[in-house]
>>> print(open('work_39.cif').read())   # mmCIF, C-alpha atoms
data_protein
#
loop_
_atom_site.label_atom_id
_atom_site.label_comp_id
_atom_site.auth_asym_id
_atom_site.auth_seq_id
_atom_site.Cartn_x
_atom_site.Cartn_y
_atom_site.Cartn_z
CA MET A 189 -16.38 -13.06 -9.37
CA LEU A 190 -14.31 -10.17 -10.65
CA ARG A 191 -14.36 -9.97 -14.40
CA ASN A 192 -10.63 -9.63 -15.06
CA GLY A 193 -11.04 -10.78 -18.65
CA SER A 194 -13.60 -8.14 -19.53
CA ILE A 195 -11.94 -6.86 -22.71
CA GLY A 196 -11.70 -10.33 -24.19
CA ARG A 197 -15.27 -11.07 -23.14
CA ARG A 198 -16.50 -7.92 -24.89
CA ARG A 199 -14.85 -9.06 -28.12
CA LEU A 200 -16.35 -12.51 -27.69
CA LEU A 201 -19.74 -10.90 -27.22
CA GLN A 202 -19.55 -9.21 -30.63
CA GLY A 203 -19.23 -12.53 -32.40
CA THR A 204 -20.99 -15.07 -30.24
CA GLY A 205 -23.17 -13.20 -27.74
CA ALA A 206 -26.44 -14.39 -29.27
CA ALA A 207 -25.40 -18.02 -29.09
CA LEU A 208 -24.35 -17.69 -25.46
CA ALA A 209 -27.46 -15.88 -24.25
CA ALA A 210 -29.27 -19.14 -23.47
CA GLY A 211 -30.28 -20.11 -19.93
CA ALA A 212 -28.73 -22.69 -17.61
CA LEU A 213 -27.86 -26.05 -19.16
CA PRO A 214 -29.98 -29.04 -18.12
CA LEU A 215 -28.41 -31.53 -15.74
CA HIS A 216 -29.41 -35.21 -16.33
CA GLY A 217 -32.47 -33.99 -18.23
CA VAL A 218 -33.62 -31.61 -15.49
CA ARG A 219 -33.20 -27.89 -16.01
CA ALA A 220 -31.51 -26.28 -13.00
CA GLN A 221 -33.20 -23.22 -11.58
CA LYS A 222 -31.55 -20.06 -12.81
CA PRO A 223 -30.04 -17.77 -10.20
CA LEU A 224 -30.78 -14.05 -10.17
CA VAL A 225 -27.74 -12.56 -11.92
CA ILE A 226 -26.76 -9.05 -10.83
CA GLY A 227 -24.13 -6.86 -12.48
CA PHE A 228 -22.09 -4.23 -10.63
CA ILE A 229 -19.95 -1.77 -12.58
CA TYR A 230 -17.38 0.52 -10.94
CA VAL A 231 -15.54 3.47 -12.44
CA GLY A 232 -12.41 2.83 -10.34
CA PRO A 233 -10.74 0.00 -8.44
CA ARG A 234 -12.97 -1.72 -5.96
CA ASP A 235 -10.36 -1.47 -3.20
CA ASP A 236 -9.97 2.32 -3.41
CA TYR A 237 -10.86 3.07 0.25
CA GLY A 238 -13.71 5.09 -1.17
CA TYR A 239 -16.74 5.22 -3.44
CA ASN A 240 -16.11 2.03 -5.38
CA GLN A 241 -15.07 0.07 -2.30
CA ALA A 242 -18.29 1.04 -0.54
CA HIS A 243 -20.31 -0.53 -3.36
CA ALA A 244 -18.01 -3.55 -3.63
CA GLU A 245 -18.35 -4.25 0.10
CA ALA A 246 -22.12 -4.36 -0.33
CA ALA A 247 -21.80 -6.55 -3.42
CA ALA A 248 -19.79 -9.01 -1.31
CA VAL A 249 -22.76 -9.29 1.04
CA ILE A 250 -25.15 -9.87 -1.89
CA LYS A 251 -22.95 -12.73 -3.12
CA LYS A 252 -23.79 -14.66 0.05
CA MET A 253 -27.54 -14.55 -0.61
CA ALA A 254 -29.10 -17.80 -1.79
CA GLY A 255 -30.09 -17.99 -5.46
CA VAL A 256 -27.98 -14.99 -6.44
CA LYS A 257 -24.96 -14.67 -8.72
CA VAL A 258 -22.94 -11.45 -8.81
CA VAL A 259 -20.69 -10.32 -11.67
CA GLU A 260 -18.49 -7.24 -11.30
CA GLU A 261 -16.31 -5.09 -13.48
CA GLU A 262 -14.01 -2.33 -12.22
CA LYS A 263 -12.16 0.58 -13.84
CA VAL A 264 -14.83 1.16 -16.50
CA PRO A 265 -14.74 4.74 -17.94
CA GLU A 266 -17.84 6.95 -18.09
CA THR A 267 -17.99 6.43 -21.87
CA VAL A 268 -19.52 3.96 -24.32
CA ALA A 269 -17.27 1.42 -22.57
CA VAL A 270 -19.88 1.07 -19.83
CA GLU A 271 -22.52 0.20 -22.43
CA LYS A 272 -20.28 -2.61 -23.67
CA SER A 273 -19.81 -3.81 -20.09
CA MET A 274 -23.56 -3.88 -19.47
CA GLU A 275 -24.19 -5.65 -22.76
CA SER A 276 -21.58 -8.27 -21.89
CA MET A 277 -23.13 -8.89 -18.48
CA ILE A 278 -26.57 -9.24 -20.07
CA ASN A 279 -25.69 -11.49 -23.01
CA LEU A 280 -22.80 -13.52 -21.60
CA ASP A 281 -23.77 -13.77 -17.93
CA GLY A 282 -27.54 -13.46 -18.08
CA ALA A 283 -27.78 -10.40 -15.81
CA THR A 284 -31.31 -9.11 -15.30
CA LEU A 285 -30.55 -6.42 -12.70
CA LEU A 286 -27.68 -4.01 -13.33
CA PHE A 287 -26.07 -1.41 -11.09
CA PRO A 288 -23.86 0.98 -13.09
CA THR A 289 -22.71 2.94 -10.06
CA SER A 290 -20.82 5.99 -11.31
CA PHE A 291 -22.37 9.43 -11.92
CA GLY A 292 -21.54 9.61 -15.64
CA TYR A 293 -23.03 6.20 -16.42
CA PHE A 294 -26.64 7.40 -16.16
CA ASP A 295 -27.17 9.64 -19.18
CA PRO A 296 -26.93 8.56 -21.95
CA HIS A 297 -25.34 5.15 -21.32
CA MET A 298 -27.65 3.41 -18.86
CA LEU A 299 -30.72 5.02 -20.41
CA ARG A 300 -29.69 3.76 -23.83
CA MET A 301 -29.22 0.19 -22.57
CA ALA A 302 -32.53 0.30 -20.73
CA GLN A 303 -34.34 1.23 -23.93
CA LYS A 304 -32.59 -1.61 -25.76
CA TYR A 305 -33.45 -4.15 -23.04
CA PRO A 306 -36.90 -3.11 -21.73
CA LYS A 307 -37.48 -6.39 -19.86
CA LEU A 308 -34.39 -5.92 -17.65
CA GLN A 309 -33.95 -3.65 -14.63
CA PHE A 310 -31.34 -0.89 -14.36
CA ARG A 311 -30.71 1.17 -11.22
CA HIS A 312 -28.22 4.01 -10.96
CA CYS A 313 -26.55 5.54 -7.94
CA GLY A 314 -27.27 9.25 -7.71
CA GLY A 315 -29.11 9.95 -10.94
CA LEU A 316 -32.24 12.07 -10.71
CA TRP A 317 -34.82 9.66 -12.15
CA THR A 318 -37.95 11.40 -13.38
CA LYS A 319 -41.29 9.75 -14.08
CA ASP A 320 -42.57 10.12 -17.67
CA LYS A 321 -39.09 11.23 -18.74
CA HIS A 322 -36.97 8.16 -18.09
CA PRO A 323 -37.74 4.50 -18.93
CA ALA A 324 -39.87 2.63 -16.40
CA ASN A 325 -37.23 -0.11 -16.11
CA THR A 326 -34.70 2.41 -14.79
CA GLY A 327 -34.39 4.22 -11.50
CA SER A 328 -32.01 5.83 -9.07
CA TYR A 329 -31.02 5.37 -5.47
CA PHE A 330 -28.93 7.53 -3.18
CA GLY A 331 -28.35 8.23 0.46
CA TYR A 332 -28.55 11.48 2.37
CA ILE A 333 -24.88 11.34 3.24
CA ASP A 334 -24.93 15.10 3.70
CA GLU A 335 -26.30 14.24 7.16
CA CYS A 336 -22.99 12.54 7.96
CA GLN A 337 -21.00 15.35 6.35
CA TYR A 338 -22.88 17.79 8.57
CA LEU A 339 -21.79 15.69 11.56
CA ASN A 340 -18.23 15.65 10.17
CA GLY A 341 -18.44 19.43 10.17
CA VAL A 342 -19.61 19.55 13.78
CA VAL A 343 -16.53 17.63 14.89
CA ALA A 344 -14.22 19.60 12.58
CA GLY A 345 -15.58 22.87 13.94
CA HIS A 346 -14.77 21.84 17.50
CA VAL A 347 -11.30 20.46 16.76
CA SER A 348 -10.01 23.18 14.41
CA LYS A 349 -7.65 25.66 16.05
CA THR A 350 -7.27 27.97 13.03
CA GLY A 351 -10.95 28.18 12.10
CA LYS A 352 -9.98 27.14 8.56
CA LEU A 353 -11.34 23.94 7.07
CA GLY A 354 -10.65 22.42 3.66
CA PHE A 355 -12.78 20.46 1.21
CA ILE A 356 -11.28 18.74 -1.86
CA ALA A 357 -14.01 18.01 -4.38
CA ALA A 358 -14.16 16.48 -7.84
CA LYS A 359 -16.93 18.32 -9.66
CA PRO A 360 -19.50 20.99 -8.68
CA ILE A 361 -22.55 18.75 -9.20
CA PRO A 362 -25.54 18.99 -6.83
CA GLN A 363 -24.58 16.03 -4.61
CA VAL A 364 -21.08 17.42 -4.11
CA LEU A 365 -22.28 20.97 -3.40
CA ARG A 366 -24.80 19.60 -0.93
CA ASN A 367 -22.00 17.86 0.96
CA ILE A 368 -19.77 20.95 1.00
CA ASN A 369 -22.59 23.12 2.26
CA ALA A 370 -23.74 20.62 4.89
CA PHE A 371 -20.16 20.20 6.16
CA THR A 372 -19.84 23.98 6.50
CA LEU A 373 -23.20 24.37 8.25
CA GLY A 374 -22.22 21.65 10.71
CA ALA A 375 -18.90 23.35 11.40
CA ARG A 376 -20.59 26.72 11.86
CA SER A 377 -22.96 25.22 14.42
CA ALA A 378 -19.83 24.71 16.54
CA ASN A 379 -17.97 27.87 15.48
CA PRO A 380 -20.00 30.50 13.56
CA ARG A 381 -16.84 32.20 12.25
CA ILE A 382 -15.32 29.14 10.65
CA THR A 383 -14.67 28.99 6.88
CA THR A 384 -14.32 26.14 4.39
CA GLN A 385 -11.85 26.46 1.52
CA VAL A 386 -12.94 24.41 -1.53
CA ILE A 387 -10.76 23.21 -4.38
CA PHE A 388 -12.32 21.36 -7.33
CA THR A 389 -9.91 18.96 -9.02
CA GLY A 390 -12.05 18.41 -12.12
CA ASP A 391 -12.56 14.66 -11.97
CA TRP A 392 -13.35 11.79 -9.63
CA ALA A 393 -9.88 10.29 -9.38
CA LEU A 394 -6.88 12.59 -9.84
CA PRO A 395 -4.45 11.59 -7.05
CA VAL A 396 -1.74 14.13 -7.95
CA LYS A 397 -4.19 17.04 -7.94
CA GLU A 398 -5.77 15.77 -4.71
CA ALA A 399 -2.37 15.74 -3.00
CA GLU A 400 -1.50 19.18 -4.37
CA ALA A 401 -4.84 20.59 -3.19
CA THR A 402 -4.38 19.17 0.30
CA ASN A 403 -0.82 20.53 0.60
CA SER A 404 -1.98 23.92 -0.69
CA MET A 405 -4.61 24.07 2.03
CA VAL A 406 -2.09 23.10 4.71
CA ALA A 407 0.10 26.00 3.54
CA GLN A 408 -2.89 28.35 3.95
CA GLY A 409 -3.48 27.33 7.56
CA VAL A 410 -6.25 24.76 7.07
CA ASP A 411 -6.07 22.23 9.90
CA VAL A 412 -9.01 19.91 9.08
CA VAL A 413 -9.83 18.53 5.63
CA THR A 414 -12.49 16.32 4.11
CA CYS A 415 -13.38 15.52 0.53
CA HIS A 416 -15.78 14.26 -2.11
CA VAL A 417 -13.63 12.35 -4.57
CA ASP A 418 -13.82 8.66 -5.45
CA SER A 419 -10.91 7.66 -3.21
CA PRO A 420 -10.19 9.77 -0.12
CA LYS A 421 -6.99 7.76 0.43
CA VAL A 422 -4.59 10.40 -0.93
CA VAL A 423 -6.29 13.27 0.91
CA VAL A 424 -6.36 11.43 4.25
CA GLU A 425 -2.76 10.17 3.99
CA THR A 426 -1.47 13.59 2.88
CA ALA A 427 -3.24 15.25 5.81
CA GLU A 428 -1.77 12.72 8.24
CA ARG A 429 1.78 13.32 6.95
CA ALA A 430 1.26 17.07 7.28
CA GLY A 431 0.10 16.73 10.88
CA ILE A 432 -3.45 18.01 10.36
CA TYR A 433 -6.83 16.32 10.85
CA ALA A 434 -9.14 14.61 8.37
CA CYS A 435 -12.76 13.52 8.20
CA GLY A 436 -13.42 10.52 5.98
CA TYR A 437 -15.90 9.93 3.19
CA HIS A 438 -17.50 6.96 1.37
CA ALA A 439 -15.86 4.25 3.53
CA ASN A 440 -13.76 4.07 6.69
CA GLN A 441 -10.23 5.44 6.25
CA ALA A 442 -9.31 5.43 9.97
CA LYS A 443 -6.35 3.08 9.56
CA LEU A 444 -4.79 5.44 7.02
CA ALA A 445 -4.53 8.21 9.63
CA PRO A 446 -4.31 6.74 13.14
CA LYS A 447 -3.53 10.14 14.71
CA GLY A 448 -5.54 12.60 12.64
CA TYR A 449 -8.71 10.76 11.61
CA LEU A 450 -11.64 12.40 13.39
CA THR A 451 -14.71 10.56 12.07
CA GLY A 452 -16.27 9.93 8.70
CA ALA A 453 -19.34 9.80 6.48
CA GLU A 454 -19.86 6.26 5.20
CA TRP A 455 -22.30 4.58 2.85
CA ASN A 456 -24.26 1.52 3.91
CA TRP A 457 -25.20 0.18 0.48
CA GLU A 458 -25.81 -3.27 1.94
CA LYS A 459 -29.23 -2.08 3.08
CA VAL A 460 -30.19 -0.74 -0.36
CA TYR A 461 -28.94 -3.70 -2.38
CA THR A 462 -30.46 -6.39 -0.17
CA ASP A 463 -33.83 -4.62 -0.41
CA PHE A 464 -33.55 -4.47 -4.21
CA VAL A 465 -32.58 -8.12 -4.50
CA ALA A 466 -35.40 -9.17 -2.19
CA ALA A 467 -37.87 -7.31 -4.43
CA MET A 468 -36.57 -9.08 -7.56
CA LYS A 469 -36.66 -12.52 -5.91
CA ALA A 470 -40.25 -11.87 -4.83
CA GLY A 471 -41.25 -11.26 -8.45
CA SER A 472 -41.40 -7.48 -8.12
CA VAL A 473 -38.95 -4.75 -9.16
CA PRO A 474 -36.91 -2.24 -7.13
CA GLY A 475 -38.31 1.23 -6.61
CA ASN A 476 -37.62 3.83 -9.26
CA PHE A 477 -36.63 6.62 -6.87
CA VAL A 478 -35.15 5.40 -3.60
CA ARG A 479 -33.65 7.67 -0.97
CA GLY A 480 -32.75 7.39 2.71
CA GLY A 481 -30.43 8.73 5.37
CA LEU A 482 -29.31 7.77 8.85
CA LYS A 483 -32.87 6.96 9.88
CA GLU A 484 -33.32 4.49 7.01
CA GLY A 485 -29.87 2.93 7.44
CA PHE A 486 -28.53 4.07 4.06
CA VAL A 487 -25.57 5.92 5.62
CA LYS A 488 -23.54 5.71 8.82
CA THR A 489 -20.79 7.52 10.70
CA SER A 490 -17.26 6.30 11.43
CA ALA A 491 -16.10 5.79 15.00
CA PHE A 492 -14.42 8.76 16.67
CA GLY A 493 -10.66 9.17 16.45
CA PRO A 494 -8.46 9.95 19.47
CA ALA A 495 -8.37 13.71 18.84
CA VAL A 496 -12.14 14.24 19.12
CA THR A 497 -12.99 16.17 22.27
CA GLU A 498 -15.81 15.30 24.66
CA LYS A 499 -17.62 18.50 23.73
CA ALA A 500 -17.45 17.59 20.06
CA ARG A 501 -18.68 14.06 20.74
CA ALA A 502 -21.60 15.35 22.79
CA GLN A 503 -22.86 17.75 20.11
CA HIS A 504 -22.28 15.18 17.35
CA GLU A 505 -24.27 12.51 19.21
CA ALA A 506 -27.09 14.87 20.20
CA ILE A 507 -27.63 15.95 16.58
CA LYS A 508 -27.23 12.40 15.27
CA THR A 509 -29.98 11.25 17.63
CA GLN A 510 -32.31 13.89 16.19
CA MET A 511 -31.40 12.83 12.65
CA LEU A 512 -32.12 9.19 13.46
CA GLY A 513 -35.54 10.30 14.59
CA GLY A 514 -36.09 12.34 11.42
CA ASN A 515 -36.26 15.54 13.42
CA TYR A 516 -33.24 17.57 12.30
CA VAL A 517 -33.32 20.00 9.37
CA ILE A 518 -29.96 20.90 7.83
CA PHE A 519 -31.03 23.38 5.17
CA LYS A 520 -33.25 26.17 6.42
CA GLY A 521 -33.57 29.92 6.05
CA PRO A 522 -32.43 32.51 6.19
CA LEU A 523 -29.48 31.18 4.19
CA LYS A 524 -27.30 33.06 1.73
CA ASP A 525 -24.82 31.83 -0.82
CA ASN A 526 -21.24 33.07 -0.84
CA LYS A 527 -22.17 35.77 -3.35
CA GLY A 528 -24.69 37.35 -0.99
CA ASN A 529 -27.85 36.00 -2.61
CA THR A 530 -30.64 34.55 -0.48
CA VAL A 531 -31.02 30.89 -1.47
CA ILE A 532 -33.41 29.83 1.30
CA ALA A 533 -35.80 32.45 2.64
CA ALA A 534 -36.39 33.05 6.34
CA GLY A 535 -39.01 30.70 7.72
CA THR A 536 -38.42 28.07 5.00
CA GLU A 537 -37.15 24.60 5.87
CA TYR A 538 -36.12 21.97 3.33
CA ILE A 539 -36.43 18.44 4.62
CA GLN A 540 -34.17 15.83 3.05
CA THR A 541 -36.72 14.69 0.46
CA GLU A 542 -37.13 18.21 -0.94
CA PRO A 543 -36.38 17.95 -4.73
CA THR A 544 -34.83 21.45 -4.71
CA LEU A 545 -31.88 20.09 -2.73
CA GLU A 546 -31.07 17.58 -5.47
CA ALA A 547 -30.63 20.47 -7.88
CA MET A 548 -28.35 22.53 -5.61
CA SER A 549 -26.12 24.86 -7.64
CA TYR A 550 -24.57 27.19 -5.06
CA LEU A 551 -21.99 27.39 -2.30
CA ILE A 552 -23.20 28.91 0.96
CA ASP A 553 -21.81 31.84 2.90
CA GLY A 554 -18.69 30.69 4.69
CA VAL A 555 -17.42 28.63 1.77
CA LEU A 556 -14.40 30.06 -0.03
CA GLY A 557 -14.49 28.99 -3.66
CA ALA A 558 -16.58 29.04 -6.82
CA THR A 559 -18.56 26.51 -8.86
CA SER A 560 -17.08 27.73 -12.17
#
>>> encode(input="work_39.cif", output="structure tokens")
Amino acid sequence: MLRNGSIGRRRLLQGTGAALAAGALPLHGVRAQKPLVIGFIYVGPRDDYGYNQAHAEAAAVIKKMAGVKVVEEEKVPETVAVEKSMESMINLDGATLLFPTSFGYFDPHMLRMAQKYPKLQFRHCGGLWTKDKHPANTGSYFGYIDECQYLNGVVAGHVSKTGKLGFIAAKPIPQVLRNINAFTLGARSANPRITTQVIFTGDWALPVKEAEATNSMVAQGVDVVTCHVDSPKVVVETAERAGIYACGYHANQAKLAPKGYLTGAEWNWEKVYTDFVAAMKAGSVPGNFVRGGLKEGFVKTSAFGPAVTEKARAQHEAIKTQMLGGNYVIFKGPLKDNKGNTVIAAGTEYIQTEPTLEAMSYLIDGVLGATS
């Protein structure tokens, strides 16, 4: 159920949480078996055509599992508010497994709650969990969606007529930079002279700035855009109105741009969450550091739009097949950043599990923009 009354419930928690923390009430003298209660927390609306929707779609699948109860709360800021939401789910709903999904929830908020409730399990999307540094009842999970952004780039590189691509991004954190760089490398595999213009909006959901950034790129001759913001809806719809192409992100936005949608990079959180729930129901706990890409079923690609050429489809599918087999390396040397520094030496290949990639701090050659 969606927790529409969350503010009132938080206030109730302050006064009566301890009294309501008891287990299921007995029925005719027999105590009913408690379900596994799981809490999902989203920073934005769960129907945003993007990041939050991708998680909510997976949560909807979890709801159908036997012996499981799901509680959700949307539009929770990356502040102490998320701690109050977690505490409410724990003390009012009996949650024992919590998924605070947004980047800013991890440190200090989730870590603080995990220390307060050491018998419960907390798993965060994207955080870099470190053994001996973070509590044992915490962990992180993420997908190598840069594989799909690379494939987005392959298609964009084939379709672009101007050789100018655009990428609207929220913040220059490692996961975002990895996507920008992978997208550009994919595009350059199709057209080595192509460039990617990047604009950072400063936050995960700033629709006005996202529209302005997209229109600014159109004015500069960009004819294919993609993004890494919570909801790609504004970027995709703005691109469609301007008559240029778009590659999606997080979820499928094809119906927002029936003419210009090329393909997209989508999450498949259903796989991750069902594995975690199965572990809990078996009396175990989810892994502390869980990662996977196309091969593991953590991510997927959108269907091709009508503007994708046969040549683009062929290269996309050939590379995707290699990725599904675990045989394609995106980041390898020699590779320079856009300041001329060598970031990956010749002869060096970083497979997806390489920790260095999760600390990426640069934009590669071919990307027009700066991280600060």
>>> closest_residue(input="work_39.cif", among="A:Ile368, A:Val460, A:Val417, A:Ile387", to="Ile250 of chain A", atoms="only C-alpha atoms")
A:Val460
>>> residues_around(input="work_39.cif", residues="Pro223 of chain A", least_positions_apart="3", cutoff="7 Å", atoms="only C-alpha atoms", output="list in words")
Gly255, Val256 and Lys257 of chain A
>>> atom_distance(input="work_39.cif", atom1="atom CA of Asp525 of chain A", atom2="atom CA of Thr350 of chain A")
22.7 Å
>>> residues_around(input="work_39.cif", residues="Met298 of chain A", least_positions_apart="4", cutoff="8 Å", atoms="only C-alpha atoms", output="ChimeraX atom specification")
/A:271,288,293-294,302,310,312
>>> closest_residue(input="work_39.cif", among="A:Val412, A:Val386, A:Ile432, A:Leu308", to="His346 of chain A", atoms="only C-alpha atoms")
A:Val412
>>> resolve_selection(input="work_39.cif", expression="the PyMOL selection byres ((chain A and resi 469) around 12)", output="ChimeraX atom specification")
/A:222-226,253-256,284-285,462-468,470-474
>>> atom_distance(input="work_39.cif", atom1="atom CA of Asp391 of chain A", atom2="atom CA of Ala248 of chain A")
26.9 Å
>>> atom_distance(input="work_39.cif", atom1="atom CA of Pro296 of chain A", atom2="atom CA of Gly315 of chain A")
11.3 Å
>>> closest_residue(input="work_39.cif", among="A:Leu482, A:Val268, A:Ala246, A:Val424", to="Tyr338 of chain A", atoms="only C-alpha atoms")
A:Leu482
>>> closest_residue(input="work_39.cif", among="A:Glu458, A:Asp320, A:Glu400, A:Asp334", to="His243 of chain A", atoms="all atoms listed in the file")
A:Glu458
>>> residues_around(input="work_39.cif", residues="Trp317 of chain A", least_positions_apart="6", cutoff="10 Å", atoms="all atoms listed in the file", output="PyMOL selection string")
chain A and resi 294+311+323-324+326-329+476-478
>>> closest_residue(input="work_39.cif", among="A:Gly354, A:Gly436, A:Pro494, A:Gly481", to="Lys459 of chain A", atoms="all atoms listed in the file")
A:Gly481
>>> resolve_selection(input="work_39.cif", expression="the PyMOL selection byres ((chain A and resi 512) around 12)", output="PDB file with C-alpha atoms, in the coordinates of the input")
ATOM      1  CA  TYR A 332     -28.550  11.480   2.370  1.00  0.00           C
ATOM      2  CA  GLU A 335     -26.300  14.240   7.160  1.00  0.00           C
ATOM      3  CA  CYS A 336     -22.990  12.540   7.960  1.00  0.00           C
ATOM      4  CA  GLY A 480     -32.750   7.390   2.710  1.00  0.00           C
ATOM      5  CA  GLY A 481     -30.430   8.730   5.370  1.00  0.00           C
ATOM      6  CA  LEU A 482     -29.310   7.770   8.850  1.00  0.00           C
ATOM      7  CA  LYS A 483     -32.870   6.960   9.880  1.00  0.00           C
ATOM      8  CA  GLU A 484     -33.320   4.490   7.010  1.00  0.00           C
ATOM      9  CA  GLY A 485     -29.870   2.930   7.440  1.00  0.00           C
ATOM     10  CA  PHE A 486     -28.530   4.070   4.060  1.00  0.00           C
ATOM     11  CA  VAL A 487     -25.570   5.920   5.620  1.00  0.00           C
ATOM     12  CA  LYS A 488     -23.540   5.710   8.820  1.00  0.00           C
ATOM     13  CA  THR A 489     -20.790   7.520  10.700  1.00  0.00           C
ATOM     14  CA  GLU A 505     -24.270  12.510  19.210  1.00  0.00           C
ATOM     15  CA  ALA A 506     -27.090  14.870  20.200  1.00  0.00           C
ATOM     16  CA  ILE A 507     -27.630  15.950  16.580  1.00  0.00           C
ATOM     17  CA  LYS A 508     -27.230  12.400  15.270  1.00  0.00           C
ATOM     18  CA  THR A 509     -29.980  11.250  17.630  1.00  0.00           C
ATOM     19  CA  GLN A 510     -32.310  13.890  16.190  1.00  0.00           C
ATOM     20  CA  MET A 511     -31.400  12.830  12.650  1.00  0.00           C
ATOM     21  CA  GLY A 513     -35.540  10.300  14.590  1.00  0.00           C
ATOM     22  CA  GLY A 514     -36.090  12.340  11.420  1.00  0.00           C
ATOM     23  CA  ASN A 515     -36.260  15.540  13.420  1.00  0.00           C
ATOM     24  CA  TYR A 516     -33.240  17.570  12.300  1.00  0.00           C
ATOM     25  CA  VAL A 517     -33.320  20.000   9.370  1.00  0.00           C
TER      26      VAL A 517
END
>>> closest_atom_pairs(input="work_39.cif", of="segment 494-560 of chain A", to="segment 451-456 of chain A", cutoff="12 Å", atoms="all atoms listed in the file", output="tab-separated table")
residue	atom	partner	partner_atom	distance
A:Pro494	CA	A:Thr451	CA	9.7
A:Ala495	CA	A:Thr451	CA	9.8
A:Val496	CA	A:Thr451	CA	8.4
A:Thr497	CA	A:Thr451	CA	11.8
A:Ala500	CA	A:Thr451	CA	11.0
A:Arg501	CA	A:Thr451	CA	10.2
A:His504	CA	A:Thr451	CA	10.3
>>> resolve_selection(input="work_39.cif", expression="the PyMOL selection byres ((chain A and resi 367) around 8)", output="list in words")
Ile333, Asp334, Gln337, Tyr338, Gln363, Val364, Leu365, Arg366, Ile368, Asn369, Ala370, Phe371 and His416 of chain A
>>> build_atoms(input="work_39.cif", residues="segment 301-312 of chain A", atoms="N, CA, C and O atoms", output="CSV table (one decimal), in the frame of the given file")
chain,number,residue,atom,x,y,z
A,301,MET,N,-29.1,1.6,-22.8
A,301,MET,CA,-29.2,0.2,-22.6
A,301,MET,C,-30.6,-0.2,-22.1
A,301,MET,O,-31.1,-1.3,-22.5
A,302,ALA,N,-31.2,0.6,-21.2
A,302,ALA,CA,-32.5,0.3,-20.7
A,302,ALA,C,-33.6,0.3,-21.8
A,302,ALA,O,-34.5,-0.5,-21.8
A,303,GLN,N,-33.4,1.2,-22.8
A,303,GLN,CA,-34.3,1.2,-23.9
A,303,GLN,C,-34.1,0.0,-24.8
A,303,GLN,O,-35.1,-0.5,-25.4
A,304,LYS,N,-32.9,-0.4,-24.9
A,304,LYS,CA,-32.6,-1.6,-25.8
A,304,LYS,C,-33.1,-2.9,-25.1
A,304,LYS,O,-33.5,-3.9,-25.8
A,305,TYR,N,-33.1,-2.9,-23.8
A,305,TYR,CA,-33.4,-4.2,-23.0
A,305,TYR,C,-34.6,-3.8,-22.1
A,305,TYR,O,-34.4,-3.8,-20.8
A,306,PRO,N,-35.8,-3.6,-22.6
A,306,PRO,CA,-36.9,-3.1,-21.7
A,306,PRO,C,-37.4,-4.1,-20.7
A,306,PRO,O,-38.1,-3.7,-19.8
A,307,LYS,N,-37.0,-5.4,-20.8
A,307,LYS,CA,-37.5,-6.4,-19.9
A,307,LYS,C,-36.5,-6.5,-18.7
A,307,LYS,O,-36.8,-7.3,-17.7
A,308,LEU,N,-35.4,-5.9,-18.7
A,308,LEU,CA,-34.4,-5.9,-17.6
A,308,LEU,C,-34.5,-4.7,-16.8
A,308,LEU,O,-35.1,-3.7,-17.1
A,309,GLN,N,-33.9,-4.8,-15.6
A,309,GLN,CA,-34.0,-3.6,-14.6
A,309,GLN,C,-32.6,-3.0,-14.5
A,309,GLN,O,-31.6,-3.7,-14.3
A,310,PHE,N,-32.6,-1.7,-14.5
A,310,PHE,CA,-31.3,-0.9,-14.4
A,310,PHE,C,-31.6,0.1,-13.2
A,310,PHE,O,-32.5,0.9,-13.3
A,311,ARG,N,-30.6,0.2,-12.3
A,311,ARG,CA,-30.7,1.2,-11.2
A,311,ARG,C,-29.4,1.9,-11.1
A,311,ARG,O,-28.3,1.2,-11.0
A,312,HIS,N,-29.4,3.2,-11.0
A,312,HIS,CA,-28.2,4.0,-11.0
A,312,HIS,C,-28.1,4.7,-9.6
A,312,HIS,O,-29.0,5.2,-9.1
